[in-house]
$ cat structure_18.tsv   # TSV, C-alpha atoms
chain	number	residue	atom	x	y	z
A	27	PHE	CA	-24.74	-8.17	-10.19
A	28	LEU	CA	-24.83	-5.02	-8.04
A	29	SER	CA	-28.51	-4.33	-8.63
A	30	ALA	CA	-29.33	-7.88	-7.54
A	31	LEU	CA	-28.26	-7.23	-3.95
A	32	PRO	CA	-31.44	-6.88	-1.85
A	33	SER	CA	-31.49	-4.81	1.33
A	34	PRO	CA	-33.72	-2.15	2.85
A	35	PHE	CA	-30.71	-0.54	4.54
A	36	PHE	CA	-28.97	1.02	1.56
A	37	ASN	CA	-29.25	1.95	-2.09
A	38	ILE	CA	-26.55	1.10	-4.63
A	39	MET	CA	-25.44	3.81	-6.99
A	40	ARG	CA	-22.82	3.94	-9.71
A	41	LEU	CA	-20.98	7.25	-9.79
A	42	GLY	CA	-18.09	7.42	-12.23
A	43	HIS	CA	-15.84	4.49	-11.34
A	44	THR	CA	-17.03	3.96	-7.76
A	45	SER	CA	-19.83	1.80	-6.33
A	46	ILE	CA	-21.48	3.32	-3.26
A	47	LEU	CA	-23.48	1.24	-0.80
A	48	ARG	CA	-25.58	3.56	1.34
A	49	GLY	CA	-25.85	2.96	5.07
A	50	HIS	CA	-28.63	4.28	7.29
A	51	GLY	CA	-26.40	6.52	9.46
A	52	LYS	CA	-26.25	10.02	7.98
A	53	CYS	CA	-23.43	11.54	10.05
A	54	LEU	CA	-20.98	8.64	10.24
A	55	THR	CA	-17.57	8.62	8.57
A	56	PRO	CA	-17.79	6.56	5.35
A	57	ILE	CA	-15.73	3.46	4.65
A	58	PHE	CA	-13.55	2.98	1.57
A	59	CYS	CA	-12.79	-0.64	0.62
A	60	LEU	CA	-9.73	-0.90	-1.65
A	61	HIS	CA	-9.02	-4.00	-3.74
A	62	GLY	CA	-5.67	-5.60	-4.52
A	63	ILE	CA	-3.90	-6.24	-7.79
A	64	LEU	CA	-5.74	-8.57	-10.20
A	65	CYS	CA	-8.95	-7.94	-8.28
A	66	SER	CA	-11.65	-5.26	-8.48
A	67	SER	CA	-14.63	-3.78	-6.69
A	68	ARG	CA	-16.43	-7.09	-7.41
A	69	ASN	CA	-14.31	-8.70	-4.69
A	70	TRP	CA	-15.58	-6.25	-2.08
A	71	VAL	CA	-19.29	-5.89	-2.87
A	72	GLY	CA	-20.44	-8.67	-0.53
A	73	THR	CA	-18.30	-7.39	2.35
A	74	ALA	CA	-19.26	-3.79	1.60
A	75	SER	CA	-22.99	-4.54	1.67
A	76	ALA	CA	-22.64	-6.29	5.02
A	77	LEU	CA	-20.55	-3.39	6.37
A	78	ALA	CA	-23.17	-0.85	5.29
A	79	LYS	CA	-25.87	-2.85	7.03
A	80	ALA	CA	-23.91	-3.57	10.22
A	81	THR	CA	-22.31	-0.15	10.73
A	82	GLY	CA	-24.85	2.21	9.15
A	83	ARG	CA	-22.03	3.84	7.18
A	84	ASP	CA	-21.82	4.58	3.48
A	85	VAL	CA	-19.29	2.22	1.90
A	86	TYR	CA	-17.38	3.24	-1.22
A	87	VAL	CA	-15.86	0.53	-3.42
A	88	PRO	CA	-13.68	2.11	-6.12
A	89	ASP	CA	-11.83	0.39	-8.95
A	90	PHE	CA	-8.18	1.30	-9.42
A	91	ARG	CA	-6.76	2.10	-12.84
A	92	ASN	CA	-6.46	-0.92	-15.17
A	93	HIS	CA	-8.99	-2.76	-12.98
A	94	GLY	CA	-12.75	-3.23	-13.16
A	95	THR	CA	-14.67	-0.24	-14.50
A	96	ASN	CA	-11.40	1.64	-15.02
A	97	VAL	CA	-10.23	-0.67	-17.81
A	98	MET	CA	-10.04	1.19	-21.10
A	99	ARG	CA	-9.77	-1.15	-24.08
A	100	SER	CA	-7.80	1.32	-26.19
A	101	ARG	CA	-5.10	2.16	-23.67
A	102	SER	CA	-3.41	1.24	-20.39
A	103	TYR	CA	-2.37	3.45	-17.49
A	104	PRO	CA	0.94	3.54	-15.59
A	105	MET	CA	0.51	2.46	-11.98
A	106	SER	CA	2.52	3.53	-8.94
A	107	TYR	CA	1.55	4.10	-5.33
A	108	PRO	CA	1.74	7.90	-5.66
A	109	SER	CA	-0.56	7.82	-8.70
A	110	LEU	CA	-2.99	5.35	-7.12
A	111	THR	CA	-3.08	7.42	-3.94
A	112	ASP	CA	-3.77	10.54	-5.97
A	113	ASP	CA	-6.57	8.66	-7.73
A	114	LEU	CA	-8.10	7.91	-4.34
A	115	ARG	CA	-7.74	11.51	-3.19
A	116	SER	CA	-9.47	12.59	-6.41
A	117	ILE	CA	-12.42	10.29	-5.65
A	118	LEU	CA	-12.62	11.56	-2.06
A	119	LYS	CA	-12.69	15.15	-3.31
A	120	ARG	CA	-15.25	14.37	-6.01
A	121	GLU	CA	-17.57	12.71	-3.51
A	122	GLY	CA	-17.16	15.49	-0.95
A	123	VAL	CA	-15.59	13.13	1.62
A	124	SER	CA	-13.24	14.93	4.02
A	125	LYS	CA	-12.50	11.94	6.26
A	126	ALA	CA	-12.70	8.18	5.68
A	127	VAL	CA	-12.23	4.81	7.31
A	128	VAL	CA	-9.92	2.93	4.93
A	129	VAL	CA	-9.87	-0.85	4.53
A	130	GLY	CA	-7.45	-2.17	1.91
A	131	HIS	CA	-6.15	-5.54	0.78
A	132	SER	CA	-2.62	-6.01	-0.63
A	133	MET	CA	-2.09	-3.23	-3.21
A	134	GLY	CA	-5.15	-1.48	-1.81
A	135	GLY	CA	-3.67	-1.76	1.67
A	136	LYS	CA	-0.52	-0.02	0.51
A	137	VAL	CA	-2.57	2.76	-1.09
A	138	GLY	CA	-4.36	3.13	2.25
A	139	MET	CA	-1.04	3.30	4.09
A	140	GLN	CA	0.38	5.85	1.66
A	141	LEU	CA	-2.74	8.02	2.05
A	142	ALA	CA	-2.64	7.78	5.86
A	143	LEU	CA	1.04	8.75	5.97
A	144	GLN	CA	0.75	11.57	3.44
A	145	CYS	CA	-2.61	12.93	4.60
A	146	PRO	CA	-3.29	11.67	8.15
A	147	ASP	CA	-6.13	14.15	8.65
A	148	ILE	CA	-8.13	12.41	5.91
A	149	VAL	CA	-7.93	8.90	7.42
A	150	GLU	CA	-10.00	8.32	10.56
A	151	SER	CA	-8.78	4.75	10.91
A	152	LEU	CA	-6.92	2.22	8.78
A	153	LEU	CA	-7.26	-1.56	8.39
A	154	VAL	CA	-4.57	-3.18	6.22
A	155	VAL	CA	-5.17	-6.72	4.98
A	156	ASP	CA	-2.15	-8.96	4.48
A	157	THR	CA	0.53	-6.51	3.45
A	158	ALA	CA	3.04	-4.27	5.23
A	159	PRO	CA	5.04	-1.08	4.56
A	160	ALA	CA	7.88	-3.21	3.21
A	161	VAL	CA	9.39	-3.89	-0.18
A	162	TYR	CA	8.52	-7.30	-1.59
A	163	ALA	CA	10.37	-9.15	-4.31
A	164	HIS	CA	7.92	-11.70	-5.68
A	165	ILE	CA	7.66	-10.06	-9.07
A	166	THR	CA	8.62	-13.22	-10.98
A	167	GLY	CA	5.87	-15.14	-9.22
A	168	LEU	CA	3.32	-12.48	-10.16
A	169	MET	CA	4.46	-12.52	-13.78
A	170	LYS	CA	3.95	-16.28	-13.79
A	171	THR	CA	0.47	-15.76	-12.33
A	172	ILE	CA	-0.36	-13.33	-15.13
A	173	GLN	CA	0.95	-15.82	-17.67
A	174	LYS	CA	-1.31	-18.51	-16.19
A	175	ILE	CA	-4.28	-16.15	-16.35
A	176	CYS	CA	-3.48	-15.56	-20.03
A	177	ASN	CA	-3.66	-19.35	-20.48
A	178	VAL	CA	-7.24	-19.46	-19.20
A	179	GLU	CA	-9.35	-19.69	-22.34
A	180	VAL	CA	-12.17	-17.22	-21.87
A	181	GLU	CA	-12.86	-16.34	-25.50
A	182	GLY	CA	-15.62	-18.42	-26.98
A	183	ARG	CA	-16.62	-19.82	-23.60
A	184	LYS	CA	-20.32	-19.66	-22.79
A	185	SER	CA	-20.26	-21.13	-19.30
A	186	GLU	CA	-18.89	-19.79	-16.02
A	187	GLU	CA	-18.37	-23.39	-14.94
A	188	GLU	CA	-15.97	-24.02	-17.86
A	189	ILE	CA	-13.85	-21.05	-16.83
A	190	ARG	CA	-13.99	-21.92	-13.14
A	191	ARG	CA	-12.67	-25.43	-13.85
A	192	GLN	CA	-9.69	-23.97	-15.71
A	193	ILE	CA	-8.95	-21.57	-12.86
A	194	GLU	CA	-9.14	-24.39	-10.29
A	195	LYS	CA	-6.74	-26.50	-12.33
A	196	LEU	CA	-4.17	-23.72	-12.80
A	197	PHE	CA	-4.33	-22.39	-9.22
A	198	TYR	CA	-5.13	-25.57	-7.33
A	199	ARG	CA	-2.87	-24.63	-4.42
A	200	ASP	CA	-4.71	-21.39	-3.61
A	201	PRO	CA	-8.49	-21.74	-3.25
A	202	GLY	CA	-8.78	-18.15	-2.03
A	203	PHE	CA	-7.21	-16.80	-5.20
A	204	GLN	CA	-9.40	-19.13	-7.27
A	205	ARG	CA	-12.51	-17.53	-5.82
A	206	ALA	CA	-11.12	-13.99	-6.10
A	207	LEU	CA	-10.12	-14.51	-9.73
A	208	ALA	CA	-13.39	-16.17	-10.74
A	209	LYS	CA	-15.26	-13.04	-9.64
A	210	ASN	CA	-13.29	-11.05	-12.19
A	211	CYS	CA	-14.24	-12.95	-15.30
A	212	LYS	CA	-17.30	-11.17	-16.65
A	213	GLN	CA	-19.72	-11.89	-19.46
A	214	VAL	CA	-19.48	-9.21	-22.14
A	215	GLU	CA	-23.19	-9.43	-22.92
A	216	GLU	CA	-26.00	-11.79	-22.06
A	217	GLY	CA	-25.40	-15.10	-23.80
A	218	GLY	CA	-22.06	-13.83	-25.08
A	219	GLN	CA	-18.44	-14.65	-24.33
A	220	TYR	CA	-16.43	-13.76	-21.24
A	221	GLU	CA	-13.48	-11.44	-20.64
A	222	TRP	CA	-11.24	-10.47	-17.74
A	223	ASN	CA	-12.25	-7.55	-15.58
A	224	PHE	CA	-8.73	-6.07	-15.61
A	225	ASP	CA	-6.06	-5.01	-18.11
A	226	LEU	CA	-3.37	-7.68	-17.86
A	227	GLY	CA	-0.93	-5.82	-20.10
A	228	GLY	CA	-1.26	-2.56	-18.20
A	229	ILE	CA	-0.81	-4.35	-14.87
A	230	ALA	CA	2.22	-6.32	-16.09
A	231	SER	CA	3.91	-3.16	-17.32
A	232	SER	CA	3.72	-1.59	-13.84
A	233	LEU	CA	4.53	-4.62	-11.70
A	234	TYR	CA	7.86	-3.32	-10.44
A	235	ASN	CA	6.20	-0.12	-9.20
A	236	ILE	CA	3.54	-2.09	-7.35
A	237	VAL	CA	5.55	-5.02	-6.03
A	238	CYS	CA	9.09	-3.99	-5.16
A	239	ALA	CA	9.63	-0.24	-5.51
A	240	PRO	CA	10.58	1.50	-2.24
A	241	PHE	CA	7.58	2.03	0.02
A	242	PRO	CA	6.29	4.40	1.27
A	243	SER	CA	7.12	6.25	-1.91
A	244	LYS	CA	9.74	8.99	-1.89
A	245	LEU	CA	7.77	10.76	-4.61
A	246	GLY	CA	6.69	14.01	-3.01
A	247	GLU	CA	3.92	16.48	-3.76
A	248	GLU	CA	5.90	18.02	-6.62
A	249	GLY	CA	6.41	14.65	-8.28
A	250	ALA	CA	2.77	13.74	-7.77
A	251	ALA	CA	1.76	17.02	-9.39
A	252	LYS	CA	3.95	16.19	-12.40
A	253	GLU	CA	2.31	12.79	-12.70
A	254	LYS	CA	-1.07	14.50	-12.64
A	255	GLU	CA	0.02	16.88	-15.41
A	256	LYS	CA	1.00	13.85	-17.50
A	257	GLY	CA	-2.49	12.44	-17.08
A	258	HIS	CA	-1.53	9.65	-14.71
A	259	VAL	CA	-4.58	10.32	-12.55
A	260	MET	CA	-8.03	8.83	-12.88
A	261	GLY	CA	-11.13	9.09	-10.75
A	262	ASP	CA	-12.98	11.94	-12.46
A	263	GLY	CA	-15.16	9.46	-14.35
A	264	LYS	CA	-14.14	10.81	-17.74
A	265	GLU	CA	-11.77	9.65	-20.45
A	266	LYS	CA	-9.94	12.65	-21.86
A	267	GLU	CA	-8.86	12.60	-25.45
A	268	GLU	CA	-6.58	15.64	-25.67
A	269	ASN	CA	-3.16	14.92	-27.10
A	270	GLY	CA	-0.74	14.02	-24.33
A	271	THR	CA	-3.35	13.78	-21.58
A	272	PHE	CA	-2.85	10.05	-21.06
A	273	THR	CA	0.22	7.98	-21.71
A	274	THR	CA	-0.69	5.13	-24.05
A	275	LEU	CA	1.08	1.80	-23.61
A	276	SER	CA	0.88	-0.45	-26.65
A	277	ILE	CA	0.86	-3.67	-24.65
A	278	ARG	CA	-1.10	-6.80	-25.33
A	279	PRO	CA	-1.66	-9.29	-22.50
A	280	ASP	CA	-0.36	-12.19	-24.61
A	281	GLU	CA	2.95	-10.41	-25.24
A	282	MET	CA	3.94	-10.50	-21.54
A	283	PRO	CA	6.13	-7.37	-21.69
A	284	GLN	CA	9.25	-6.71	-19.68
A	285	THR	CA	8.44	-4.97	-16.41
A	286	ARG	CA	8.84	-1.21	-16.55
A	287	TYR	CA	9.33	1.24	-13.74
A	288	TYR	CA	9.85	4.97	-13.37
A	289	GLU	CA	13.44	5.71	-12.41
A	290	GLN	CA	12.59	9.32	-11.58
A	291	SER	CA	10.16	8.14	-8.91
A	292	TYR	CA	12.19	5.52	-7.07
A	293	ALA	CA	15.72	4.96	-5.86
A	294	ALA	CA	15.99	1.21	-6.34
A	295	SER	CA	16.27	-0.96	-9.42
A	296	PRO	CA	14.85	-4.47	-9.90
A	297	SER	CA	18.27	-5.95	-9.15
A	298	ALA	CA	18.22	-4.35	-5.69
A	299	VAL	CA	15.93	-7.07	-4.39
A	300	LYS	CA	16.16	-10.83	-4.65
A	301	GLU	CA	13.25	-13.05	-5.55
A	302	GLY	CA	11.20	-14.14	-2.56
A	303	GLU	CA	12.88	-11.69	-0.18
A	304	VAL	CA	11.22	-9.05	1.95
A	305	LYS	CA	13.32	-5.91	2.26
A	306	THR	CA	12.85	-3.90	5.42
A	307	ASP	CA	15.67	-1.41	5.67
A	308	ASP	CA	18.30	-1.47	2.91
A	309	VAL	CA	16.16	0.15	0.18
A	310	THR	CA	15.79	3.89	0.64
A	311	SER	CA	12.30	5.03	1.56
A	312	GLY	CA	11.11	8.59	1.22
A	313	GLY	CA	8.64	8.03	4.00
A	314	ASP	CA	11.25	8.19	6.78
A	315	GLY	CA	9.88	10.44	9.49
A	316	TRP	CA	6.26	9.85	8.48
A	317	THR	CA	3.96	8.31	11.06
A	318	TYR	CA	0.25	7.70	11.33
A	319	THR	CA	-1.07	7.50	14.88
A	320	GLY	CA	-4.77	6.94	14.22
A	321	PRO	CA	-6.43	3.58	14.99
A	322	THR	CA	-4.68	0.98	12.83
A	323	MET	CA	-4.93	-2.78	12.43
A	324	PHE	CA	-2.88	-5.12	10.26
A	325	LEU	CA	-4.72	-8.34	9.51
A	326	ALA	CA	-2.63	-11.29	8.31
A	327	GLY	CA	-3.50	-14.62	6.74
A	328	SER	CA	-2.02	-17.47	8.79
A	329	ARG	CA	-0.62	-19.19	5.67
A	330	SER	CA	0.76	-16.00	4.14
A	331	ASP	CA	4.19	-14.46	4.68
A	332	PHE	CA	3.32	-10.90	3.65
A	333	ILE	CA	3.15	-9.95	7.34
A	334	SER	CA	6.04	-11.69	9.10
A	335	PRO	CA	8.47	-11.02	11.97
A	336	SER	CA	10.76	-9.19	9.54
A	337	THR	CA	8.02	-6.69	8.62
A	338	ILE	CA	6.87	-5.86	12.16
A	339	PRO	CA	9.64	-3.26	12.78
A	340	ARG	CA	8.52	-1.43	9.65
A	341	ILE	CA	4.89	-1.56	10.73
A	342	LYS	CA	5.79	-0.11	14.13
A	343	GLN	CA	8.04	2.52	12.55
A	344	PHE	CA	5.24	4.05	10.49
A	345	PHE	CA	2.21	2.95	12.54
A	346	PRO	CA	3.40	2.90	16.16
A	347	GLY	CA	-0.03	2.15	17.62
A	348	ALA	CA	-0.96	-0.61	15.19
A	349	SER	CA	-2.33	-3.94	16.36
A	350	ILE	CA	-1.58	-7.08	14.37
A	351	ARG	CA	-4.15	-9.89	14.12
A	352	THR	CA	-4.22	-13.19	12.24
A	353	LEU	CA	-7.04	-15.20	10.67
A	354	PRO	CA	-6.92	-18.68	9.10
A	355	GLY	CA	-6.10	-18.42	5.40
A	356	GLY	CA	-3.63	-17.29	2.81
A	357	HIS	CA	-3.04	-13.94	1.14
A	358	PHE	CA	-6.71	-13.82	0.12
A	359	VAL	CA	-7.82	-14.24	3.72
A	360	PHE	CA	-11.08	-12.40	3.04
A	361	GLU	CA	-12.03	-15.30	0.76
A	362	ASP	CA	-10.63	-18.05	3.02
A	363	SER	CA	-12.31	-16.87	6.25
A	364	GLU	CA	-15.23	-14.78	5.04
A	365	LYS	CA	-17.33	-14.68	8.22
A	366	GLU	CA	-14.41	-14.22	10.62
A	367	PHE	CA	-12.95	-11.53	8.36
A	368	LEU	CA	-16.23	-9.63	8.19
A	369	ASP	CA	-16.73	-9.86	11.96
A	370	MET	CA	-13.24	-8.48	12.57
A	371	VAL	CA	-13.69	-5.61	10.12
A	372	ILE	CA	-17.05	-4.66	11.66
A	373	ALA	CA	-15.55	-4.74	15.16
A	374	PHE	CA	-12.65	-2.55	14.04
A	375	VAL	CA	-14.86	-0.02	12.29
A	376	ASN	CA	-17.16	0.16	15.31
A	377	GLY	CA	-14.19	0.59	17.64
A	378	ASP	CA	-14.79	-2.73	19.38
A	379	SER	CA	-11.56	-4.51	18.33
A	380	LYS	CA	-8.98	-5.26	21.02
$ encode --input "structure_18.tsv" --output "structure tokens"
Amino acid sequence: FLSALPSPFFNIMRLGHTSILRGHGKCLTPIFCLHGILCSSRNWVGTASALAKATGRDVYVPDFRNHGTNVMRSRSYPMSYPSLTDDLRSILKREGVSKAVVVGHSMGGKVGMQLALQCPDIVESLLVVDTAPAVYAHITGLMKTIQKICNVEVEGRKSEEEIRRQIEKLFYRDPGFQRALAKNCKQVEEGGQYEWNFDLGGIASSLYNIVCAPFPSKLGEEGAAKEKEKGHVMGDGKEKEENGTFTTLSIRPDEMPQTRYYEQSYAASPSAVKEGEVKTDDVTSGGDGWTYTGPTMFLAGSRSDFISPSTIPRIKQFFPGASIRTLPGGHFVFEDSEKEFLDMVIAFVNGDSK
């Protein structure tokens, strides 16, 4: 799929777990495009190629743990925003990138926010797509989504069209998610069956951390270092086999495990938030006092409630100079309004957004 993208403006390389689309500008700050939960770098390749061409910048498209090229069939990896942010820092260090423009959707947007607040010198500018520095409580809905995905019969299927029809039937209310999900069902080998491009069990086991744990995380540098010692960091492109290096979760996607979370990392429990509610101030956040003052835009989908009046005070608390824009679409606004989304991202990266 990647090698099929034609353009004289960049070369595509696969380094470890990151796709790099080369722009023609040699001294420009690179862009990092960060995917959301249940997505992967596949969802960003089209946008990334257009960004490389339009801006002249190198565009990095990493996969987070349990997603895309970072799915390990024999094990799953715990996910939290401190660990995902450390993964990203590891990739930046490995690639020799000292400063980046960060564009992130949903979970990827929160990783971008966490990085900007923890390490503002690394982030030249930040564009967050349809999420906010707030605590969300839609974990039951996400578990139901994962259950529906498990009901999509991919084994034994030989046609993308068969799988697409199932996805459209199960998620008929959200065309944007249909398109995003369809991009993450891959053929194992030519003429062979299909499989998901993410680890459903590993994702389900960390849903509380990702969806409704306090954000920004109160886990400091010491806690992040402990997570790294436990092997909760990826991004070096290698799977280490030493005893104790990685925590193994014996979870199968069809078992739909109870959500787990790390009590030592966060102050709240799942009962602290009600389903469908956005918490803005009554769950303790360790990020109090953090601010990022670089160029920042929050881009909302008009039919989504992830960025709402109740989240704006939190946005302004941590990102006082942020602008907030809206495009037609739902949570997957980059699928619903592809051209408008791309135009807005290019304008932001080039410093032309108002």
$ closest_atom_pairs --input "structure_18.tsv" --of "range 127-198 of chain A" --to "range 315-322 of chain A" --cutoff "8 Å" --atoms "only C-alpha atoms" --output "JSON lines"
{"residue": "A:Ala142", "atom": "CA", "partner": "A:Tyr318", "partner_atom": "CA", "distance": 6.2}
{"residue": "A:Leu143", "atom": "CA", "partner": "A:Tyr318", "partner_atom": "CA", "distance": 5.5}
{"residue": "A:Gln144", "atom": "CA", "partner": "A:Trp316", "partner_atom": "CA", "distance": 7.7}
{"residue": "A:Pro146", "atom": "CA", "partner": "A:Tyr318", "partner_atom": "CA", "distance": 6.2}
{"residue": "A:Val149", "atom": "CA", "partner": "A:Gly320", "partner_atom": "CA", "distance": 7.8}
{"residue": "A:Glu150", "atom": "CA", "partner": "A:Gly320", "partner_atom": "CA", "distance": 6.5}
{"residue": "A:Ser151", "atom": "CA", "partner": "A:Pro321", "partner_atom": "CA", "distance": 4.9}
{"residue": "A:Leu152", "atom": "CA", "partner": "A:Thr322", "partner_atom": "CA", "distance": 4.8}
{"residue": "A:Leu153", "atom": "CA", "partner": "A:Thr322", "partner_atom": "CA", "distance": 5.7}
{"residue": "A:Val154", "atom": "CA", "partner": "A:Thr322", "partner_atom": "CA", "distance": 7.8}
$ axis_aligned_box --input "structure_18.tsv" --around "range 132-136 of chain A" --padding-each-side "5 Å" --output "lines of an AutoDock Vina configuration file"
center_x = -2.8
center_y = -3.0
center_z = -0.8
size_x = 14.6
size_y = 16.0
size_z = 14.9
$ closest_residue --input "structure_18.tsv" --among "A:Ala373, A:Met139, A:Ala239, A:Ala78" --to "Ala348 in chain A" --atoms "all atoms listed in the file"
A:Met139
$ residues_around --input "structure_18.tsv" --residues "Ile63 in chain A" --least-positions-apart "3" --cutoff "12 Å" --atoms "all atoms listed in the file" --output "ChimeraX atom specification"
/A:60,66-67,69,89-94,105-107,110,130-137,168,171-172,203,206-207,210,223-226,228-230,232-233,235-237,357-358
$ atom_distance --input "structure_18.tsv" --atom1 "CA of Asp156 in chain A" --atom2 "CA of Arg115 in chain A"
22.6 Å
$ residues_around --input "structure_18.tsv" --residues "Ala208 in chain A" --least-positions-apart "3" --cutoff "12 Å" --atoms "all atoms listed in the file" --output "compact mmCIF listing (two decimals) with C-alpha atoms, in the coordinates of the input"
# COMPACT_ATOMS: atom_id res chain seq x y z
CA LEU A 64 -5.74 -8.57 -10.20
CA CYS A 65 -8.95 -7.94 -8.28
CA SER A 66 -11.65 -5.26 -8.48
CA ARG A 68 -16.43 -7.09 -7.41
CA ASN A 69 -14.31 -8.70 -4.69
CA ILE A 175 -4.28 -16.15 -16.35
CA VAL A 178 -7.24 -19.46 -19.20
CA VAL A 180 -12.17 -17.22 -21.87
CA GLU A 186 -18.89 -19.79 -16.02
CA GLU A 187 -18.37 -23.39 -14.94
CA GLU A 188 -15.97 -24.02 -17.86
CA ILE A 189 -13.85 -21.05 -16.83
CA ARG A 190 -13.99 -21.92 -13.14
CA ARG A 191 -12.67 -25.43 -13.85
CA GLN A 192 -9.69 -23.97 -15.71
CA ILE A 193 -8.95 -21.57 -12.86
CA GLU A 194 -9.14 -24.39 -10.29
CA PHE A 197 -4.33 -22.39 -9.22
CA PRO A 201 -8.49 -21.74 -3.25
CA GLY A 202 -8.78 -18.15 -2.03
CA PHE A 203 -7.21 -16.80 -5.20
CA GLN A 204 -9.40 -19.13 -7.27
CA ARG A 205 -12.51 -17.53 -5.82
CA CYS A 211 -14.24 -12.95 -15.30
CA LYS A 212 -17.30 -11.17 -16.65
CA GLN A 213 -19.72 -11.89 -19.46
CA TYR A 220 -16.43 -13.76 -21.24
CA GLU A 221 -13.48 -11.44 -20.64
CA TRP A 222 -11.24 -10.47 -17.74
CA ASN A 223 -12.25 -7.55 -15.58
CA GLU A 361 -12.03 -15.30 0.76
